[in-house]
$ cat work_27.txt   # compact mmCIF, C-alpha atoms (C1' of nucleotides)
# COMPACT_ATOMS: atom_id res chain seq x y z
CA MET P 13 -46.11 -31.17 -31.81
CA ALA P 14 -45.02 -33.73 -29.25
CA GLU P 15 -47.46 -36.05 -30.94
CA GLY P 16 -46.25 -37.73 -34.03
CA GLU P 17 -42.64 -37.49 -33.01
CA ILE P 18 -39.95 -40.04 -32.29
CA ARG P 19 -38.27 -40.28 -28.93
CA HIS P 20 -34.75 -41.53 -29.38
CA ASN P 21 -34.30 -42.02 -25.68
CA SER P 22 -37.36 -44.17 -25.26
CA PRO P 23 -37.16 -47.81 -24.21
CA VAL P 24 -39.41 -48.52 -27.20
CA PRO P 25 -37.26 -49.04 -30.30
CA VAL P 26 -37.41 -46.22 -32.81
CA TYR P 27 -38.55 -48.47 -35.63
CA ILE P 28 -41.49 -49.66 -33.55
CA GLN P 29 -42.45 -46.13 -32.58
CA LEU P 30 -42.38 -45.15 -36.23
CA ALA P 31 -44.37 -48.18 -37.35
CA ASP P 32 -47.03 -47.46 -34.75
CA LEU P 33 -47.12 -43.84 -35.76
CA LEU P 34 -47.63 -44.69 -39.42
CA ALA P 35 -50.19 -47.35 -38.56
CA GLU P 36 -52.19 -44.73 -36.69
CA GLN P 37 -52.15 -42.43 -39.67
CA ILE P 38 -53.33 -45.25 -41.92
CA ASN P 39 -56.04 -46.38 -39.55
CA ALA P 40 -57.16 -42.80 -39.15
CA GLY P 41 -57.63 -42.62 -42.89
CA GLU P 42 -54.96 -39.94 -43.29
CA ILE P 43 -53.56 -42.03 -46.10
CA GLN P 44 -56.17 -43.55 -48.37
CA PRO P 45 -56.10 -47.12 -49.68
CA ASP P 46 -54.01 -47.55 -52.85
CA TYR P 47 -52.16 -44.36 -52.05
CA PRO P 48 -48.48 -44.38 -51.13
CA ILE P 49 -47.12 -43.82 -47.68
CA PRO P 50 -44.13 -41.45 -47.48
CA SER P 51 -40.91 -42.72 -49.04
CA GLU P 52 -38.07 -44.05 -46.95
CA ALA P 53 -36.03 -40.94 -47.70
CA TRP P 54 -38.90 -38.73 -46.60
CA LEU P 55 -39.40 -40.63 -43.35
CA GLN P 56 -35.66 -40.44 -42.80
CA GLN P 57 -35.71 -36.66 -43.00
CA ARG P 58 -39.06 -36.08 -41.33
CA TYR P 59 -38.36 -38.18 -38.28
CA GLY P 60 -34.60 -37.90 -38.11
CA VAL P 61 -33.91 -41.60 -38.36
CA ALA P 62 -31.59 -43.71 -40.46
CA ARG P 63 -32.93 -45.19 -43.66
CA ASN P 64 -32.51 -48.70 -42.28
CA THR P 65 -34.66 -47.75 -39.34
CA ALA P 66 -37.36 -46.31 -41.59
CA ARG P 67 -37.26 -49.51 -43.62
CA ARG P 68 -37.67 -51.66 -40.55
CA ALA P 69 -40.73 -49.67 -39.60
CA VAL P 70 -42.24 -50.21 -43.04
CA ASP P 71 -41.34 -53.90 -42.78
CA LEU P 72 -43.52 -54.07 -39.70
CA LEU P 73 -46.42 -52.42 -41.48
CA ARG P 74 -46.09 -54.99 -44.22
CA GLU P 75 -46.00 -57.84 -41.71
CA ARG P 76 -49.13 -56.42 -40.16
CA GLY P 77 -50.79 -56.50 -43.56
CA LEU P 78 -51.36 -52.75 -43.66
CA VAL P 79 -49.30 -52.00 -46.75
CA CYS P 80 -47.64 -53.61 -49.70
CA THR P 81 -44.36 -52.50 -51.25
CA ILE P 82 -43.36 -52.39 -54.88
CA GLY P 83 -39.64 -52.05 -55.50
CA GLY P 84 -38.66 -48.79 -57.13
CA ARG P 85 -42.21 -47.47 -56.84
CA GLY P 86 -43.27 -47.11 -53.28
CA THR P 87 -45.27 -48.60 -50.43
CA PHE P 88 -49.04 -48.46 -50.71
CA VAL P 89 -51.86 -48.72 -48.24
CA LYS P 90 -53.81 -51.88 -48.80
CA GLY P 91 -57.42 -51.68 -49.82
CA LYS P 92 -60.14 -53.77 -48.21
CA GLY P 93 -60.26 -56.12 -51.19
CA MET F 25 -4.27 -35.93 -52.98
CA ALA F 26 -3.46 -38.51 -55.52
CA GLU F 27 -4.05 -39.16 -59.13
CA GLY F 28 -7.68 -38.21 -59.38
CA GLU F 29 -8.72 -41.62 -58.26
CA ILE F 30 -11.08 -42.93 -55.63
CA ARG F 31 -9.90 -45.11 -52.78
CA HIS F 32 -12.68 -47.41 -51.76
CA ASN F 33 -10.83 -48.51 -48.66
CA SER F 34 -10.28 -45.00 -47.37
CA PRO F 35 -11.85 -43.80 -44.14
CA VAL F 36 -13.01 -40.80 -46.16
CA PRO F 37 -16.36 -41.61 -47.77
CA VAL F 38 -16.26 -42.14 -51.51
CA TYR F 39 -18.83 -39.43 -52.19
CA ILE F 40 -16.71 -36.90 -50.34
CA GLN F 41 -13.55 -37.95 -52.14
CA LEU F 42 -15.36 -37.56 -55.43
CA ALA F 43 -16.85 -34.20 -54.50
CA ASP F 44 -13.42 -32.90 -53.47
CA LEU F 45 -11.92 -34.22 -56.65
CA LEU F 46 -14.49 -32.49 -58.82
CA ALA F 47 -14.22 -29.32 -56.76
CA GLU F 48 -10.48 -29.25 -57.43
CA GLN F 49 -11.06 -29.61 -61.15
CA ILE F 50 -13.54 -26.76 -61.06
CA ASN F 51 -11.33 -24.52 -58.96
CA ALA F 52 -8.40 -25.31 -61.25
CA GLY F 53 -10.46 -24.07 -64.15
CA GLU F 54 -10.49 -27.45 -65.86
CA ILE F 55 -14.20 -26.97 -66.28
CA GLN F 56 -15.20 -23.48 -67.29
CA PRO F 57 -18.13 -21.56 -65.80
CA ASP F 58 -21.44 -22.30 -67.52
CA TYR F 59 -20.05 -25.56 -68.83
CA PRO F 60 -21.37 -28.91 -67.64
CA ILE F 61 -19.54 -31.24 -65.36
CA PRO F 62 -19.55 -34.91 -66.39
CA SER F 63 -22.89 -36.67 -66.24
CA GLU F 64 -23.72 -39.03 -63.42
CA ALA F 65 -23.40 -42.01 -65.75
CA TRP F 66 -19.97 -40.81 -66.83
CA LEU F 67 -18.73 -40.33 -63.28
CA GLN F 68 -20.10 -43.74 -62.46
CA GLN F 69 -18.00 -45.40 -65.14
CA ARG F 70 -14.93 -43.21 -64.82
CA TYR F 71 -14.55 -43.59 -61.08
CA GLY F 72 -16.14 -46.98 -60.57
CA VAL F 73 -18.79 -45.79 -58.18
CA ALA F 74 -22.53 -46.29 -57.96
CA ARG F 75 -24.76 -43.69 -59.50
CA ASN F 76 -26.21 -42.80 -56.13
CA THR F 77 -22.72 -42.16 -54.85
CA ALA F 78 -21.94 -39.93 -57.82
CA ARG F 79 -25.19 -38.10 -57.15
CA ARG F 80 -24.27 -37.54 -53.52
CA ALA F 81 -20.97 -36.05 -54.62
CA VAL F 82 -22.76 -33.65 -56.96
CA ASP F 83 -25.20 -32.83 -54.17
CA LEU F 84 -22.23 -31.66 -52.12
CA LEU F 85 -20.95 -29.48 -54.94
CA ARG F 86 -24.38 -27.91 -55.18
CA GLU F 87 -24.50 -27.31 -51.43
CA ARG F 88 -21.09 -25.69 -51.69
CA GLY F 89 -22.45 -23.39 -54.36
CA LEU F 90 -20.01 -24.55 -57.01
CA VAL F 91 -22.58 -25.86 -59.46
CA CYS F 92 -26.23 -25.80 -60.30
CA THR F 93 -28.24 -28.66 -61.70
CA ILE F 94 -31.00 -28.60 -64.29
CA GLY F 95 -33.10 -31.73 -64.53
CA GLY F 96 -32.84 -33.48 -67.87
CA ARG F 97 -29.96 -31.23 -68.88
CA GLY F 98 -27.00 -31.55 -66.61
CA THR F 99 -25.01 -29.89 -63.86
CA PHE F 100 -23.19 -26.69 -64.68
CA VAL F 101 -20.31 -24.82 -63.13
CA LYS F 102 -21.50 -21.56 -61.65
CA GLY F 103 -20.11 -18.34 -62.97
CA LYS F 104 -18.64 -15.67 -60.71
CA GLY F 105 -21.69 -13.50 -60.91
C1' DG B 12 -46.04 -35.14 -84.10
C1' DT B 13 -43.42 -39.04 -82.95
C1' DA B 14 -39.73 -41.70 -81.57
C1' DC B 15 -35.44 -42.10 -79.46
C1' DA B 16 -31.39 -41.15 -76.57
C1' DT B 17 -29.51 -38.63 -72.74
C1' DT B 18 -29.67 -36.84 -68.14
C1' DT B 19 -31.47 -35.94 -63.81
C1' DG B 20 -35.16 -37.36 -60.22
C1' DT B 21 -37.15 -40.84 -57.22
C1' DT B 22 -37.80 -45.16 -54.93
C1' DC B 23 -36.99 -49.64 -53.16
C1' DG B 24 -33.46 -53.82 -52.54
C1' DT B 25 -29.29 -55.45 -50.43
C1' DA B 26 -24.98 -55.53 -47.99
C1' DT B 27 -21.33 -53.89 -44.98
C1' DG B 28 -19.19 -51.35 -41.21
C1' DT B 29 -19.30 -48.86 -36.78
C1' DA B 30 -21.08 -47.83 -32.35
C1' DT B 31 -23.93 -48.56 -28.39
C1' DA B 32 -26.87 -50.68 -24.86
C1' DG W 18 -23.82 -62.36 -27.92
C1' DT W 19 -27.94 -59.91 -29.47
C1' DA W 20 -30.65 -56.11 -30.83
C1' DT W 21 -30.84 -51.45 -32.02
C1' DA W 22 -29.36 -47.53 -34.84
C1' DC W 23 -26.55 -44.76 -37.74
C1' DA W 24 -23.78 -44.17 -42.12
C1' DT W 25 -21.98 -45.70 -46.30
C1' DA W 26 -22.21 -47.98 -50.79
C1' DC W 27 -23.60 -50.75 -54.72
C1' DG W 28 -27.71 -52.34 -57.59
C1' DA W 29 -32.00 -52.01 -60.00
C1' DA W 30 -36.12 -50.07 -61.82
C1' DC W 31 -39.16 -46.53 -63.13
C1' DA W 32 -40.36 -41.60 -63.99
C1' DA W 33 -39.79 -36.92 -65.83
C1' DA W 34 -37.41 -33.35 -68.40
C1' DT W 35 -34.74 -32.23 -72.27
C1' DG W 36 -32.92 -32.23 -76.88
C1' DT W 37 -32.59 -34.18 -81.38
C1' DA W 38 -33.67 -36.72 -85.63

$ encode --input "work_27.txt" --output "structure tokens"
Amino acid sequence: MAEGEIRHNSPVPVYIQLADLLAEQINAGEIQPDYPIPSEAWLQQRYGVARNTARRAVDLLRERGLVCTIGGRGTFVKGKG
Amino acid sequence: MAEGEIRHNSPVPVYIQLADLLAEQINAGEIQPDYPIPSEAWLQQRYGVARNTARRAVDLLRERGLVCTIGGRGTFVKGKG
DNA sequence: GTACATTTGTTCGTATGTATA
DNA sequence: GTATACATACGAACAAATGTA
């Protein structure tokens, strides 16, 4: 259970930990292309972070080209095409 | 407690003010058991708050066991039983 | 059966304030 | 002063359930 958790007392910012964690799940194929990643509210609850922090993590995923976000809908794993 | 209005510049969060205000109305019998409390849209207009804020207030009432919500129908004051 | 309006449910977008390191 | 992080709050859009005409 220690895996896949956020350490609030880490020198690594929480939003970066969370982004890395989600990126791993995507790269491991745990979330398929064109499928949504968990919502901001869900991440907030699951990982015990503020919504802003969850958003920043997703921002990073988007900057890395792993996902794309549609307002009011969700954030989806990018396909190869 | 004043006037059944919301103070946006209060240190008390708006959603808590609104929840308390509605709870008072319920406890005062202004809304009878099994009858609906005002809809989210109505609260939004009446008190000049965002819908999400109105929803958070109703969430509190539900957590306090004062009401129960039925999707697509409304939120109803709980009876004694 | 269909169309519409109402109400709650969900999700992202943006901004502000507070606190801390 | 900057970056991180939490909480609050308003806005917008879409979806689902319900009830009615």

$ atom_distance --input "work_27.txt" --atom1 "CA of Asp58 (chain F)" --atom2 "CA of Leu42 (chain F)"
20.4 Å

$ atom_distance --input "work_27.txt" --atom1 "CA of Gly83 (chain P)" --atom2 "CA of Leu67 (chain F)"
25.2 Å

$ residues_near_point --input "work_27.txt" --point "(-42.6, -47.1, -47.2)" --cutoff "8 Å" --atoms "all atoms listed in the file" --output "list in words"
Pro48, Ile49, Pro50, Ser51, Glu52, Ala66, Arg67, Val70, Thr81, Gly86, Thr87 and Phe88 of chain P

$ atom_distance --input "work_27.txt" --atom1 "CA of Ser34 (chain F)" --atom2 "CA of Arg80 (chain F)"
17.0 Å

$ calpha_fit_rmsd --input "work_27.txt" --fixed "chain F" --moving "chain P"
1.3 Å

$ interface_residues --input "work_27.txt" --of "chain W" --to "chain P" --cutoff "9 Å" --atoms "only C-alpha atoms (C1' of nucleotides)" --output "list in words"
DT21, DA22, DC23, DA24, DA29, DA30 and DC31 of chain W

$ interface_residues --input "work_27.txt" --of "chain B" --to "chain F" --cutoff "12 Å" --atoms "all atoms listed in the file" --output "list in words"
DA16, DT17, DT18, DT19, DG20, DT21, DT22, DG28 and DT29 of chain B

$ residues_around --input "work_27.txt" --residues "Gly89 (chain F)" --least-positions-apart "4" --cutoff "10 Å" --atoms "all atoms listed in the file" --output "NGL selection string"
:F and (83-85 or 101-102)

$ build_atoms --input "work_27.txt" --residues "region 51-72 of chain P" --atoms "N, CA, C and O atoms" --output "PDB file, in the frame of the given file"
ATOM      1  N   SER P  51     -42.078 -41.917 -48.647  1.00  0.00           N
ATOM      2  CA  SER P  51     -40.910 -42.720 -49.040  1.00  0.00           C
ATOM      3  C   SER P  51     -39.957 -42.861 -47.863  1.00  0.00           C
ATOM      4  O   SER P  51     -40.016 -42.121 -46.884  1.00  0.00           O
ATOM      5  N   GLU P  52     -39.066 -43.822 -47.998  1.00  0.00           N
ATOM      6  CA  GLU P  52     -38.070 -44.050 -46.950  1.00  0.00           C
ATOM      7  C   GLU P  52     -37.231 -42.794 -46.738  1.00  0.00           C
ATOM      8  O   GLU P  52     -36.951 -42.415 -45.598  1.00  0.00           O
ATOM      9  N   ALA P  53     -36.850 -42.145 -47.819  1.00  0.00           N
ATOM     10  CA  ALA P  53     -36.030 -40.940 -47.700  1.00  0.00           C
ATOM     11  C   ALA P  53     -36.785 -39.842 -46.956  1.00  0.00           C
ATOM     12  O   ALA P  53     -36.214 -39.106 -46.155  1.00  0.00           O
ATOM     13  N   TRP P  54     -38.081 -39.758 -47.238  1.00  0.00           N
ATOM     14  CA  TRP P  54     -38.900 -38.730 -46.600  1.00  0.00           C
ATOM     15  C   TRP P  54     -39.019 -39.004 -45.100  1.00  0.00           C
ATOM     16  O   TRP P  54     -38.866 -38.096 -44.270  1.00  0.00           O
ATOM     17  N   LEU P  55     -39.299 -40.255 -44.759  1.00  0.00           N
ATOM     18  CA  LEU P  55     -39.400 -40.630 -43.350  1.00  0.00           C
ATOM     19  C   LEU P  55     -38.083 -40.350 -42.630  1.00  0.00           C
ATOM     20  O   LEU P  55     -38.062 -39.872 -41.496  1.00  0.00           O
ATOM     21  N   GLN P  56     -37.006 -40.654 -43.335  1.00  0.00           N
ATOM     22  CA  GLN P  56     -35.660 -40.440 -42.800  1.00  0.00           C
ATOM     23  C   GLN P  56     -35.482 -38.982 -42.388  1.00  0.00           C
ATOM     24  O   GLN P  56     -35.061 -38.682 -41.269  1.00  0.00           O
ATOM     25  N   GLN P  57     -35.840 -38.082 -43.283  1.00  0.00           N
ATOM     26  CA  GLN P  57     -35.710 -36.660 -43.000  1.00  0.00           C
ATOM     27  C   GLN P  57     -36.724 -36.192 -41.962  1.00  0.00           C
ATOM     28  O   GLN P  57     -36.384 -35.500 -41.003  1.00  0.00           O
ATOM     29  N   ARG P  58     -37.975 -36.576 -42.172  1.00  0.00           N
ATOM     30  CA  ARG P  58     -39.060 -36.080 -41.330  1.00  0.00           C
ATOM     31  C   ARG P  58     -38.874 -36.455 -39.871  1.00  0.00           C
ATOM     32  O   ARG P  58     -39.146 -35.670 -38.972  1.00  0.00           O
ATOM     33  N   TYR P  59     -38.421 -37.693 -39.648  1.00  0.00           N
ATOM     34  CA  TYR P  59     -38.360 -38.180 -38.280  1.00  0.00           C
ATOM     35  C   TYR P  59     -36.939 -38.287 -37.748  1.00  0.00           C
ATOM     36  O   TYR P  59     -36.721 -38.724 -36.622  1.00  0.00           O
ATOM     37  N   GLY P  60     -35.978 -37.915 -38.577  1.00  0.00           N
ATOM     38  CA  GLY P  60     -34.600 -37.900 -38.110  1.00  0.00           C
ATOM     39  C   GLY P  60     -34.063 -39.271 -37.748  1.00  0.00           C
ATOM     40  O   GLY P  60     -33.397 -39.440 -36.733  1.00  0.00           O
ATOM     41  N   VAL P  61     -34.388 -40.243 -38.598  1.00  0.00           N
ATOM     42  CA  VAL P  61     -33.910 -41.600 -38.360  1.00  0.00           C
ATOM     43  C   VAL P  61     -33.075 -42.062 -39.544  1.00  0.00           C
ATOM     44  O   VAL P  61     -33.084 -41.430 -40.604  1.00  0.00           O
ATOM     45  N   ALA P  62     -32.366 -43.150 -39.362  1.00  0.00           N
ATOM     46  CA  ALA P  62     -31.590 -43.710 -40.460  1.00  0.00           C
ATOM     47  C   ALA P  62     -32.532 -44.414 -41.438  1.00  0.00           C
ATOM     48  O   ALA P  62     -33.646 -44.800 -41.074  1.00  0.00           O
ATOM     49  N   ARG P  63     -32.075 -44.549 -42.672  1.00  0.00           N
ATOM     50  CA  ARG P  63     -32.930 -45.190 -43.660  1.00  0.00           C
ATOM     51  C   ARG P  63     -33.250 -46.619 -43.245  1.00  0.00           C
ATOM     52  O   ARG P  63     -34.390 -47.075 -43.403  1.00  0.00           O
ATOM     53  N   ASN P  64     -32.268 -47.333 -42.736  1.00  0.00           N
ATOM     54  CA  ASN P  64     -32.510 -48.700 -42.280  1.00  0.00           C
ATOM     55  C   ASN P  64     -33.627 -48.759 -41.259  1.00  0.00           C
ATOM     56  O   ASN P  64     -34.438 -49.684 -41.269  1.00  0.00           O
ATOM     57  N   THR P  65     -33.640 -47.795 -40.393  1.00  0.00           N
ATOM     58  CA  THR P  65     -34.660 -47.750 -39.340  1.00  0.00           C
ATOM     59  C   THR P  65     -36.033 -47.502 -39.946  1.00  0.00           C
ATOM     60  O   THR P  65     -37.018 -48.144 -39.570  1.00  0.00           O
ATOM     61  N   ALA P  66     -36.098 -46.580 -40.903  1.00  0.00           N
ATOM     62  CA  ALA P  66     -37.360 -46.310 -41.590  1.00  0.00           C
ATOM     63  C   ALA P  66     -37.845 -47.578 -42.299  1.00  0.00           C
ATOM     64  O   ALA P  66     -39.028 -47.915 -42.263  1.00  0.00           O
ATOM     65  N   ARG P  67     -36.900 -48.283 -42.914  1.00  0.00           N
ATOM     66  CA  ARG P  67     -37.260 -49.510 -43.620  1.00  0.00           C
ATOM     67  C   ARG P  67     -37.826 -50.563 -42.674  1.00  0.00           C
ATOM     68  O   ARG P  67     -38.804 -51.250 -42.994  1.00  0.00           O
ATOM     69  N   ARG P  68     -37.190 -50.677 -41.509  1.00  0.00           N
ATOM     70  CA  ARG P  68     -37.670 -51.660 -40.550  1.00  0.00           C
ATOM     71  C   ARG P  68     -39.088 -51.342 -40.110  1.00  0.00           C
ATOM     72  O   ARG P  68     -39.898 -52.245 -39.889  1.00  0.00           O
ATOM     73  N   ALA P  69     -39.374 -50.069 -39.976  1.00  0.00           N
ATOM     74  CA  ALA P  69     -40.730 -49.670 -39.600  1.00  0.00           C
ATOM     75  C   ALA P  69     -41.716 -50.099 -40.686  1.00  0.00           C
ATOM     76  O   ALA P  69     -42.779 -50.665 -40.389  1.00  0.00           O
ATOM     77  N   VAL P  70     -41.355 -49.838 -41.937  1.00  0.00           N
ATOM     78  CA  VAL P  70     -42.240 -50.210 -43.040  1.00  0.00           C
ATOM     79  C   VAL P  70     -42.367 -51.731 -43.123  1.00  0.00           C
ATOM     80  O   VAL P  70     -43.434 -52.259 -43.436  1.00  0.00           O
ATOM     81  N   ASP P  71     -41.274 -52.430 -42.817  1.00  0.00           N
ATOM     82  CA  ASP P  71     -41.340 -53.900 -42.780  1.00  0.00           C
ATOM     83  C   ASP P  71     -42.444 -54.353 -41.821  1.00  0.00           C
ATOM     84  O   ASP P  71     -43.205 -55.272 -42.128  1.00  0.00           O
ATOM     85  N   LEU P  72     -42.497 -53.695 -40.682  1.00  0.00           N
ATOM     86  CA  LEU P  72     -43.520 -54.070 -39.700  1.00  0.00           C
ATOM     87  C   LEU P  72     -44.920 -53.841 -40.243  1.00  0.00           C
ATOM     88  O   LEU P  72     -45.807 -54.677 -40.070  1.00  0.00           O
TER      89      LEU P  72
END
